[in-house]
>>> print(open('start_30.txt').read())   # compact mmCIF, C-alpha atoms and all ligand atoms
# COMPACT_ATOMS: atom_id res chain seq x y z
CA MET H 5 0.00 0.00 0.00
CA SER H 6 2.67 2.42 1.01
CA ARG H 7 4.22 2.54 -2.41
CA TYR H 8 1.11 4.30 -3.77
CA ILE H 9 1.49 8.06 -3.86
CA PRO H 10 -1.64 9.68 -2.40
CA LYS H 11 -3.29 12.15 -4.78
CA PRO H 12 -6.75 12.51 -3.27
CA SER H 13 -9.63 13.34 -5.59
CA PRO H 14 -12.86 14.87 -4.25
CA ASN H 15 -14.78 13.25 -7.12
CA PHE H 16 -16.47 10.19 -5.63
CA ASP H 17 -19.60 9.07 -3.82
CA ALA H 18 -20.95 5.95 -2.12
CA ARG H 19 -20.99 2.55 -3.78
CA THR H 20 -24.46 1.11 -4.19
CA ARG H 21 -23.32 -2.44 -4.77
CA PRO H 22 -20.42 -4.76 -3.99
CA ILE H 23 -17.18 -4.56 -5.96
CA ASP H 24 -16.97 -7.28 -8.63
CA LEU H 25 -15.07 -5.73 -11.57
CA VAL H 26 -11.87 -3.87 -12.48
CA VAL H 27 -11.96 -1.52 -15.49
CA LEU H 28 -8.72 -0.59 -17.26
CA HIS H 29 -8.42 2.71 -19.16
CA TYR H 30 -5.83 4.79 -20.90
CA THR H 31 -5.85 8.48 -19.97
CA GLY H 32 -5.77 9.73 -23.58
CA MET H 33 -3.95 12.89 -22.54
CA GLN H 34 -0.46 14.34 -23.11
CA ASN H 35 1.05 13.35 -19.78
CA ALA H 36 0.44 12.24 -16.22
CA ASP H 37 0.35 15.76 -14.74
CA ILE H 38 -2.52 16.84 -16.97
CA ALA H 39 -4.43 13.61 -16.33
CA LEU H 40 -3.93 13.83 -12.55
CA ALA H 41 -5.06 17.47 -12.56
CA ARG H 42 -8.18 16.55 -14.47
CA LEU H 43 -9.00 13.54 -12.32
CA THR H 44 -8.69 15.50 -9.08
CA ASP H 45 -10.29 18.79 -10.18
CA PRO H 46 -13.40 19.56 -8.11
CA GLY H 47 -14.87 21.93 -10.70
CA PRO H 48 -13.29 21.88 -14.12
CA VAL H 49 -14.64 24.10 -16.86
CA ALA H 50 -15.84 22.06 -19.80
CA GLY H 51 -13.35 22.15 -22.64
CA ASN H 52 -10.42 23.12 -20.41
CA TYR H 53 -8.76 19.78 -20.88
CA PRO H 54 -8.16 17.61 -23.89
CA GLY H 55 -8.66 13.89 -23.45
CA PRO H 56 -11.23 11.17 -23.86
CA TRP H 57 -13.65 12.04 -21.09
CA GLN H 58 -17.08 13.01 -22.26
CA SER H 59 -20.15 14.29 -20.50
CA ASP H 60 -21.59 10.80 -20.47
CA ASP H 61 -18.53 9.58 -18.53
CA VAL H 62 -19.84 11.57 -15.62
CA GLU H 63 -22.40 10.38 -13.14
CA ALA H 64 -25.80 11.84 -13.96
CA ASP H 65 -26.04 13.34 -10.49
CA ALA H 66 -22.47 14.65 -10.40
CA PRO H 67 -21.52 18.27 -11.01
CA LEU H 68 -20.46 19.21 -14.52
CA VAL H 69 -17.76 17.00 -16.03
CA ARG H 70 -16.11 15.87 -12.83
CA VAL H 71 -14.23 12.63 -13.28
CA SER H 72 -12.00 10.44 -11.17
CA THR H 73 -10.56 6.97 -10.83
CA HIS H 74 -9.13 4.83 -8.07
CA TYR H 75 -5.62 4.58 -9.47
CA VAL H 76 -3.38 6.22 -12.05
CA VAL H 77 -0.26 4.40 -13.29
CA ASP H 78 2.29 6.65 -15.01
CA GLU H 79 4.90 5.72 -17.62
CA ALA H 80 7.58 5.13 -14.98
CA GLY H 81 5.30 2.66 -13.22
CA GLN H 82 4.47 4.93 -10.31
CA VAL H 83 1.01 4.26 -8.89
CA TYR H 84 -1.10 7.16 -7.61
CA SER H 85 -4.07 6.53 -5.33
CA LEU H 86 -6.93 9.00 -5.93
CA VAL H 87 -10.07 7.45 -4.47
CA ALA H 88 -10.33 4.73 -1.80
CA GLU H 89 -11.46 1.40 -3.25
CA GLU H 90 -14.45 1.42 -0.90
CA HIS H 91 -15.87 4.48 -2.68
CA ARG H 92 -17.42 4.87 -6.11
CA ALA H 93 -15.13 6.75 -8.49
CA TRP H 94 -16.41 8.25 -11.76
CA HIS H 95 -14.56 6.73 -14.70
CA ALA H 96 -16.82 4.41 -16.71
CA GLY H 97 -19.81 6.62 -17.55
CA VAL H 98 -22.63 5.25 -19.66
CA ALA H 99 -21.73 1.58 -19.85
CA SER H 100 -23.03 -1.95 -19.49
CA TRP H 101 -21.65 -5.32 -18.41
CA GLU H 102 -23.59 -8.48 -17.63
CA GLY H 103 -26.81 -6.53 -18.09
CA ASP H 104 -25.98 -3.91 -15.48
CA GLY H 105 -25.42 -0.25 -16.32
CA ASP H 106 -23.92 1.19 -13.14
CA ILE H 107 -20.36 0.06 -13.73
CA ASN H 108 -18.83 2.65 -11.42
CA ALA H 109 -20.84 1.31 -8.48
CA ARG H 110 -19.18 -2.10 -8.79
CA ALA H 111 -15.81 -1.37 -10.40
CA ILE H 112 -12.32 -0.37 -9.38
CA GLY H 113 -10.94 1.96 -12.06
CA ILE H 114 -7.30 2.06 -13.18
CA GLU H 115 -6.21 4.85 -15.53
CA ILE H 116 -2.98 4.07 -17.36
CA VAL H 117 -1.09 7.13 -18.59
CA ASN H 118 -0.97 6.85 -22.38
CA GLY H 119 -1.91 9.32 -25.11
CA GLY H 120 -4.10 6.76 -26.84
CA HIS H 121 -5.71 7.13 -30.25
CA ASP H 122 -5.59 10.95 -30.18
CA PHE H 123 -1.79 10.79 -29.83
CA ASP H 124 -0.95 8.01 -32.31
CA LEU H 125 -1.21 5.13 -29.83
CA PRO H 126 2.15 5.30 -28.07
CA ASP H 127 3.53 2.08 -26.59
CA PHE H 128 2.84 1.32 -22.96
CA THR H 129 6.12 1.05 -21.05
CA ASP H 130 7.43 -2.16 -19.48
CA ALA H 131 7.59 -0.55 -16.06
CA GLN H 132 4.03 0.65 -16.41
CA ILE H 133 2.63 -2.75 -17.34
CA GLY H 134 4.66 -4.37 -14.57
CA SER H 135 3.06 -1.97 -12.11
CA VAL H 136 -0.44 -2.60 -13.49
CA ILE H 137 0.10 -6.33 -13.00
CA ALA H 138 1.41 -5.84 -9.45
CA LEU H 139 -1.47 -3.50 -8.63
CA LEU H 140 -4.04 -6.01 -9.92
CA LYS H 141 -2.49 -8.75 -7.78
CA GLU H 142 -2.71 -6.48 -4.74
CA ILE H 143 -6.36 -5.65 -5.55
CA PHE H 144 -7.17 -9.38 -5.98
CA GLY H 145 -5.59 -9.93 -2.55
CA ARG H 146 -7.90 -7.37 -0.97
CA TRP H 147 -11.10 -8.51 -2.74
CA PRO H 148 -11.36 -12.30 -3.06
CA GLN H 149 -14.25 -12.04 -5.52
CA LEU H 150 -11.91 -10.39 -8.06
CA ASN H 151 -9.74 -12.52 -10.33
CA ALA H 152 -8.37 -12.75 -13.89
CA LYS H 153 -11.87 -13.02 -15.36
CA ARG H 154 -13.09 -9.88 -13.61
CA VAL H 155 -10.76 -7.42 -15.38
CA VAL H 156 -12.20 -5.65 -18.45
CA GLY H 157 -11.34 -2.73 -20.69
CA HIS H 158 -13.39 0.46 -20.87
CA SER H 159 -14.10 -0.46 -24.50
CA ASP H 160 -15.64 -3.74 -23.35
CA VAL H 161 -18.21 -2.00 -21.17
CA ALA H 162 -18.82 0.94 -23.57
CA PRO H 163 -18.10 -0.44 -27.07
CA ALA H 164 -20.03 2.23 -28.96
CA ARG H 165 -18.21 5.13 -27.25
CA LYS H 166 -14.80 3.97 -26.11
CA ALA H 167 -11.64 2.42 -27.53
CA ASP H 168 -9.46 2.38 -24.40
CA PRO H 169 -7.14 0.93 -23.23
CA GLY H 170 -6.72 0.31 -26.98
CA GLU H 171 -5.52 -2.42 -29.31
CA LYS H 172 -1.90 -1.97 -28.24
CA PHE H 173 -2.63 -2.78 -24.63
CA PRO H 174 -0.78 -6.05 -23.83
CA TRP H 175 -3.63 -8.18 -22.50
CA ARG H 176 -1.60 -11.27 -23.30
CA ARG H 177 1.19 -10.18 -20.94
CA LEU H 178 -1.44 -9.69 -18.23
CA ALA H 179 -2.75 -13.19 -18.95
CA ASP H 180 0.76 -14.64 -18.69
CA ALA H 181 1.02 -12.97 -15.27
CA GLY H 182 -2.29 -14.48 -14.14
CA VAL H 183 -4.31 -11.26 -13.98
CA SER H 184 -6.22 -11.71 -17.25
CA PHE H 185 -6.79 -14.62 -19.66
CA TRP H 186 -5.96 -15.33 -23.27
CA PRO H 187 -8.06 -17.61 -25.49
CA ARG H 188 -6.89 -20.09 -28.08
CA PRO H 189 -9.38 -20.39 -30.96
CA THR H 190 -11.61 -23.37 -30.36
CA SER H 191 -11.58 -26.21 -32.88
CA ASP H 192 -15.17 -27.12 -32.06
CA GLU H 193 -17.76 -27.23 -34.77
CA LEU H 194 -19.27 -23.79 -35.32
CA ASP H 195 -22.97 -22.99 -35.62
CA ASN H 196 -23.17 -22.15 -39.32
CA ASP H 197 -26.95 -21.92 -39.46
CA ASP H 198 -27.18 -18.59 -37.67
CA PRO H 199 -23.74 -17.25 -36.80
CA ILE H 200 -25.01 -13.80 -35.77
CA SER H 201 -27.44 -15.20 -33.21
CA ALA H 202 -24.77 -17.54 -31.88
CA ALA H 203 -22.33 -14.61 -31.58
CA GLN H 204 -24.92 -12.45 -29.84
CA GLN H 205 -25.55 -15.20 -27.30
CA GLN H 206 -21.84 -15.60 -26.65
CA LEU H 207 -21.18 -11.86 -26.45
CA ALA H 208 -24.02 -11.42 -23.97
CA PHE H 209 -22.85 -14.42 -21.97
CA ILE H 210 -19.34 -12.93 -21.75
CA GLY H 211 -20.88 -9.66 -20.54
CA TYR H 212 -21.19 -7.36 -23.58
CA GLY H 213 -24.29 -5.21 -23.84
CA VAL H 214 -25.91 -6.75 -26.92
CA THR H 215 -29.50 -7.75 -27.60
CA GLN H 216 -30.58 -10.96 -29.35
CA THR H 217 -31.85 -9.30 -32.51
CA GLY H 218 -30.65 -11.99 -34.91
CA TYR H 219 -29.00 -9.46 -37.20
CA ALA H 220 -25.79 -7.40 -37.11
CA ASP H 221 -27.18 -4.26 -35.48
CA GLU H 222 -25.00 -1.33 -34.38
CA ALA H 223 -24.49 -2.51 -30.80
CA THR H 224 -23.52 -5.98 -31.95
CA ARG H 225 -20.98 -4.67 -34.47
CA ALA H 226 -19.49 -2.36 -31.83
CA ALA H 227 -19.23 -5.26 -29.38
CA ILE H 228 -17.49 -7.41 -32.00
CA VAL H 229 -14.94 -4.62 -32.60
CA ALA H 230 -14.39 -4.31 -28.83
CA PHE H 231 -13.93 -8.07 -28.60
CA GLN H 232 -11.44 -8.01 -31.47
CA ARG H 233 -9.60 -5.02 -29.96
CA ARG H 234 -8.98 -7.12 -26.90
CA PHE H 235 -8.55 -10.67 -28.17
CA ARG H 236 -7.54 -10.31 -31.84
CA PRO H 237 -6.05 -6.81 -32.16
CA SER H 238 -4.63 -7.37 -35.65
CA ASP H 239 -8.12 -7.07 -37.17
CA LEU H 240 -10.71 -4.61 -35.89
CA SER H 241 -13.06 -4.96 -38.85
CA GLY H 242 -16.12 -5.89 -36.80
CA HIS H 243 -16.60 -8.69 -39.31
CA LEU H 244 -17.71 -11.98 -37.82
CA ASP H 245 -15.11 -14.12 -39.57
CA GLU H 246 -14.23 -17.68 -38.62
CA GLU H 247 -11.33 -16.75 -36.33
CA THR H 248 -13.46 -14.26 -34.44
CA ARG H 249 -16.17 -16.89 -34.05
CA ARG H 250 -13.65 -19.44 -32.77
CA LEU H 251 -12.25 -16.91 -30.31
CA LEU H 252 -15.76 -16.00 -29.14
CA ALA H 253 -16.50 -19.65 -28.42
CA ALA H 254 -13.19 -19.98 -26.60
CA VAL H 255 -13.75 -16.92 -24.37
CA ALA H 256 -17.31 -18.00 -23.58
CA ARG H 257 -15.92 -21.37 -22.50
CA ILE H 258 -13.27 -19.74 -20.28
CA ILE H 259 -15.92 -17.54 -18.65
CA LYS H 260 -18.15 -20.58 -18.06
CA GLN H 261 -15.41 -22.58 -16.33
ZN ZN T 301 -11.67 5.09 -20.23
>>> encode(input="start_30.txt", output="structure tokens")
Amino acid sequence: MSRYIPKPSPNFDARTRPIDLVVLHYTGMQNADIALARLTDPGPVAGNYPGPWQSDDVEADAPLVRVSTHYVVDEAGQVYSLVAEEHRAWHAGVASWEGDGDINARAIGIEIVNGGHDFDLPDFTDAQIGSVIALLKEIFGRWPQLNAKRVVGHSDVAPARKADPGEKFPWRRLADAGVSFWPRPTSDELDNDDPISAAQQQLAFIGYGVTQTGYADEATRAAIVAFQRRFRPSDLSGHLDEETRRLLAAVARIIKQ
């Protein structure tokens, strides 16, 4: 605990449900100082800061565009503690996972300092990812209900709005360290009669906010892109090709285990 640098943010309120999720983000800003200022500002003026936060990232009942997170991890791997884990921080905004929309009420948020898509997707640093892994292990130690399957990206819970932590985030390295998981495409027979319906069932089972419409609606396509961004980052087409289908089946099986 002591290695976290305290950087208290006033932007939080009470949790309304138990913690059962960790959401990873990139900050999408130039540097750690700007991100920390934004995430601890009690009354920012809209438009004062660049970055990915939008009005719908803010709690409906919160004052104008106040945002926060539990932790920030900078490029050197330093971890800053902004909001106590027991409190609800404001980082996920309009989102959905496993049919539930109040992600902030149940999630611990980790903002990883990285310029993101607005700054040409810089690499995450080794030290930074090492610290994220260590931090996740410490969080798992404090909350036994959290484990490798309970860590998601912001883009997973808000596929239509968000692309962070981005396709360059090394989920596989996290899986190797035991704080995430990495699927191998299943060799099972695929459901070729109605692949969209099968994919919608699997996406919803994994947690994505899709409806069983039976056709490739907007939400389904966005969820497929989010799934690819995380598990098959070389192709973000949103196309339900065979590899994507095999990976979907594999992830659904891992979640079911
Ligand atoms: Zn985010």
>>> closest_residue(input="start_30.txt", among="H:Gly242, H:Gly32, H:Gly213, H:Pro237", to="ligand ZN 301 (chain T)", atoms="only C-alpha atoms and all ligand atoms")
H:Gly32
>>> closest_residue(input="start_30.txt", among="H:Ala256, H:Leu251, H:Ile133, H:Val27", to="H:Thr190", atoms="all atoms listed in the file")
H:Leu251
>>> residues_near_ligand(input="start_30.txt", ligand="ligand ZN 301 (chain T)", cutoff="8 Å", atoms="only C-alpha atoms and all ligand atoms", output="compact mmCIF listing (two decimals) with C-alpha atoms, keeping the file's coordinate frame")
# COMPACT_ATOMS: atom_id res chain seq x y z
CA LEU H 28 -8.72 -0.59 -17.26
CA HIS H 29 -8.42 2.71 -19.16
CA TYR H 30 -5.83 4.79 -20.90
CA THR H 31 -5.85 8.48 -19.97
CA PRO H 56 -11.23 11.17 -23.86
CA TRP H 57 -13.65 12.04 -21.09
CA HIS H 95 -14.56 6.73 -14.70
CA ALA H 96 -16.82 4.41 -16.71
CA GLU H 115 -6.21 4.85 -15.53
CA GLY H 157 -11.34 -2.73 -20.69
CA HIS H 158 -13.39 0.46 -20.87
CA SER H 159 -14.10 -0.46 -24.50
CA LYS H 166 -14.80 3.97 -26.11
CA ALA H 167 -11.64 2.42 -27.53
CA ASP H 168 -9.46 2.38 -24.40
CA PRO H 169 -7.14 0.93 -23.23
>>> residues_around(input="start_30.txt", residues="H:Leu25", least_positions_apart="6", cutoff="10 Å", atoms="only C-alpha atoms", output="list in words")
Trp101, Ile107, Asn108, Ala109, Arg110, Ala111, Ile112, Gly113, Gln149, Leu150, Asn151, Ala152, Lys153, Arg154, Val155 and Val156 of chain H
>>> atom_distance(input="start_30.txt", atom1="atom CA of H:Asp124", atom2="atom CA of H:Pro163")
19.8 Å
>>> residues_near_point(input="start_30.txt", point="(-14.0, -2.6, 0.8)", cutoff="8 Å", atoms="all atoms listed in the file", output="ChimeraX atom specification")
/H:23,89-90,146-147
>>> closest_residue(input="start_30.txt", among="H:Pro10, H:Asp106, H:Ala179, H:Met33", to="H:Asp122", atoms="only C-alpha atoms")
H:Met33
>>> residues_near_point(input="start_30.txt", point="(5.5, 0.7, -20.4)", cutoff="10 Å", atoms="only C-alpha atoms", output="list in words")
Val77, Asp78, Glu79, Ala80, Gly81, Ile116, Val117, Asn118, Pro126, Asp127, Phe128, Thr129, Asp130, Ala131, Gln132, Ile133, Gly134, Ser135, Val136, Phe173 and Pro174 of chain H
>>> atom_distance(input="start_30.txt", atom1="atom CA of H:Ala164", atom2="atom CA of H:Ala99")
9.3 Å
>>> residues_around(input="start_30.txt", residues="H:Pro14", least_positions_apart="6", cutoff="10 Å", atoms="all atoms listed in the file", output="PDB file with C-alpha atoms, keeping the file's coordinate frame")
ATOM      1  CA  LEU H  43      -9.000  13.540 -12.320  1.00  0.00           C
ATOM      2  CA  THR H  44      -8.690  15.500  -9.080  1.00  0.00           C
ATOM      3  CA  ASP H  45     -10.290  18.790 -10.180  1.00  0.00           C
ATOM      4  CA  PRO H  46     -13.400  19.560  -8.110  1.00  0.00           C
ATOM      5  CA  GLY H  47     -14.870  21.930 -10.700  1.00  0.00           C
ATOM      6  CA  ARG H  70     -16.110  15.870 -12.830  1.00  0.00           C
ATOM      7  CA  VAL H  71     -14.230  12.630 -13.280  1.00  0.00           C
ATOM      8  CA  SER H  72     -12.000  10.440 -11.170  1.00  0.00           C
ATOM      9  CA  LEU H  86      -6.930   9.000  -5.930  1.00  0.00           C
ATOM     10  CA  VAL H  87     -10.070   7.450  -4.470  1.00  0.00           C
ATOM     11  CA  ALA H  93     -15.130   6.750  -8.490  1.00  0.00           C
TER      12      ALA H  93
END
>>> closest_residue(input="start_30.txt", among="H:Gly145, H:Gly211, H:Gly218, H:Pro12", to="H:Gly103", atoms="only C-alpha atoms")
H:Gly211
>>> closest_residue(input="start_30.txt", among="H:Ala138, H:Ala220, H:Val214, H:Ile259", to="H:Leu178", atoms="all atoms listed in the file")
H:Ala138
>>> closest_residue(input="start_30.txt", among="H:Asp180, H:Glu193, H:Glu171, H:Asp198", to="H:Ser238", atoms="only C-alpha atoms")
H:Glu171
>>> axis_aligned_box(input="start_30.txt", around="stretch 236-240 of chain H", padding_each_side="5 Å", output="JSON")
{"center_x": -7.7, "center_y": -7.5, "center_z": -34.5, "size_x": 16.1, "size_y": 15.7, "size_z": 15.3}
>>> atom_distance(input="start_30.txt", atom1="atom CA of H:Glu247", atom2="atom CA of H:Val26")
27.1 Å
>>> residues_around(input="start_30.txt", residues="H:Ala230", least_positions_apart="3", cutoff="7 Å", atoms="all atoms listed in the file", output="VMD selection string")
chain H and resid 159 to 160 163 226 to 227 233 to 234
>>> residues_around(input="start_30.txt", residues="H:Tyr219", least_positions_apart="4", cutoff="10 Å", atoms="all atoms listed in the file", output="PyMOL selection string")
chain H and resi 198-201+204+215+224-225
>>> build_atoms(input="start_30.txt", residues="stretch 148-167 of chain H", atoms="N, CA and C atoms", output="short mmCIF file (atom, residue, chain, number, x, y, z; two decimals), in the coordinates of the input")
data_model
loop_
_atom_site.label_atom_id
_atom_site.label_comp_id
_atom_site.auth_asym_id
_atom_site.auth_seq_id
_atom_site.Cartn_x
_atom_site.Cartn_y
_atom_site.Cartn_z
N PRO H 148 -11.43 -10.92 -2.57
CA PRO H 148 -11.36 -12.30 -3.06
C PRO H 148 -12.29 -12.60 -4.23
N GLN H 149 -13.32 -11.79 -4.40
CA GLN H 149 -14.25 -12.04 -5.52
C GLN H 149 -13.65 -11.58 -6.86
N LEU H 150 -12.55 -10.86 -6.82
CA LEU H 150 -11.91 -10.39 -8.06
C LEU H 150 -10.84 -11.38 -8.48
N ASN H 151 -10.74 -11.59 -9.79
CA ASN H 151 -9.74 -12.52 -10.33
C ASN H 151 -9.54 -12.20 -11.82
N ALA H 152 -8.76 -13.02 -12.50
CA ALA H 152 -8.37 -12.75 -13.89
C ALA H 152 -9.56 -12.55 -14.82
N LYS H 153 -10.70 -13.16 -14.50
CA LYS H 153 -11.87 -13.02 -15.36
C LYS H 153 -12.67 -11.76 -15.07
N ARG H 154 -12.32 -11.05 -14.02
CA ARG H 154 -13.09 -9.88 -13.61
C ARG H 154 -12.42 -8.56 -14.00
N VAL H 155 -11.46 -8.63 -14.91
CA VAL H 155 -10.76 -7.42 -15.38
C VAL H 155 -11.18 -7.16 -16.82
N VAL H 156 -11.73 -5.98 -17.10
CA VAL H 156 -12.20 -5.65 -18.45
C VAL H 156 -11.62 -4.30 -18.88
N GLY H 157 -11.73 -4.03 -20.17
CA GLY H 157 -11.34 -2.73 -20.69
C GLY H 157 -12.55 -1.80 -20.75
N HIS H 158 -12.29 -0.50 -20.73
CA HIS H 158 -13.39 0.46 -20.87
C HIS H 158 -14.16 0.19 -22.16
N SER H 159 -13.43 -0.18 -23.22
CA SER H 159 -14.10 -0.46 -24.50
C SER H 159 -15.01 -1.68 -24.43
N ASP H 160 -14.75 -2.58 -23.50
CA ASP H 160 -15.64 -3.74 -23.35
C ASP H 160 -16.99 -3.32 -22.76
N VAL H 161 -16.96 -2.38 -21.83
CA VAL H 161 -18.21 -2.00 -21.17
C VAL H 161 -18.92 -0.83 -21.87
N ALA H 162 -18.21 -0.16 -22.80
CA ALA H 162 -18.82 0.94 -23.57
C ALA H 162 -18.35 0.88 -25.02
N PRO H 163 -18.68 -0.21 -25.72
CA PRO H 163 -18.10 -0.44 -27.07
C PRO H 163 -18.45 0.64 -28.09
N ALA H 164 -19.62 1.25 -27.96
CA ALA H 164 -20.03 2.23 -28.96
C ALA H 164 -19.33 3.58 -28.76
N ARG H 165 -18.79 3.82 -27.56
CA ARG H 165 -18.21 5.13 -27.25
C ARG H 165 -16.72 5.11 -27.06
N LYS H 166 -16.16 3.98 -26.64
CA LYS H 166 -14.80 3.97 -26.11
C LYS H 166 -13.90 2.97 -26.81
N ALA H 167 -12.61 3.33 -26.92
CA ALA H 167 -11.64 2.42 -27.53
C ALA H 167 -10.48 2.14 -26.58
#
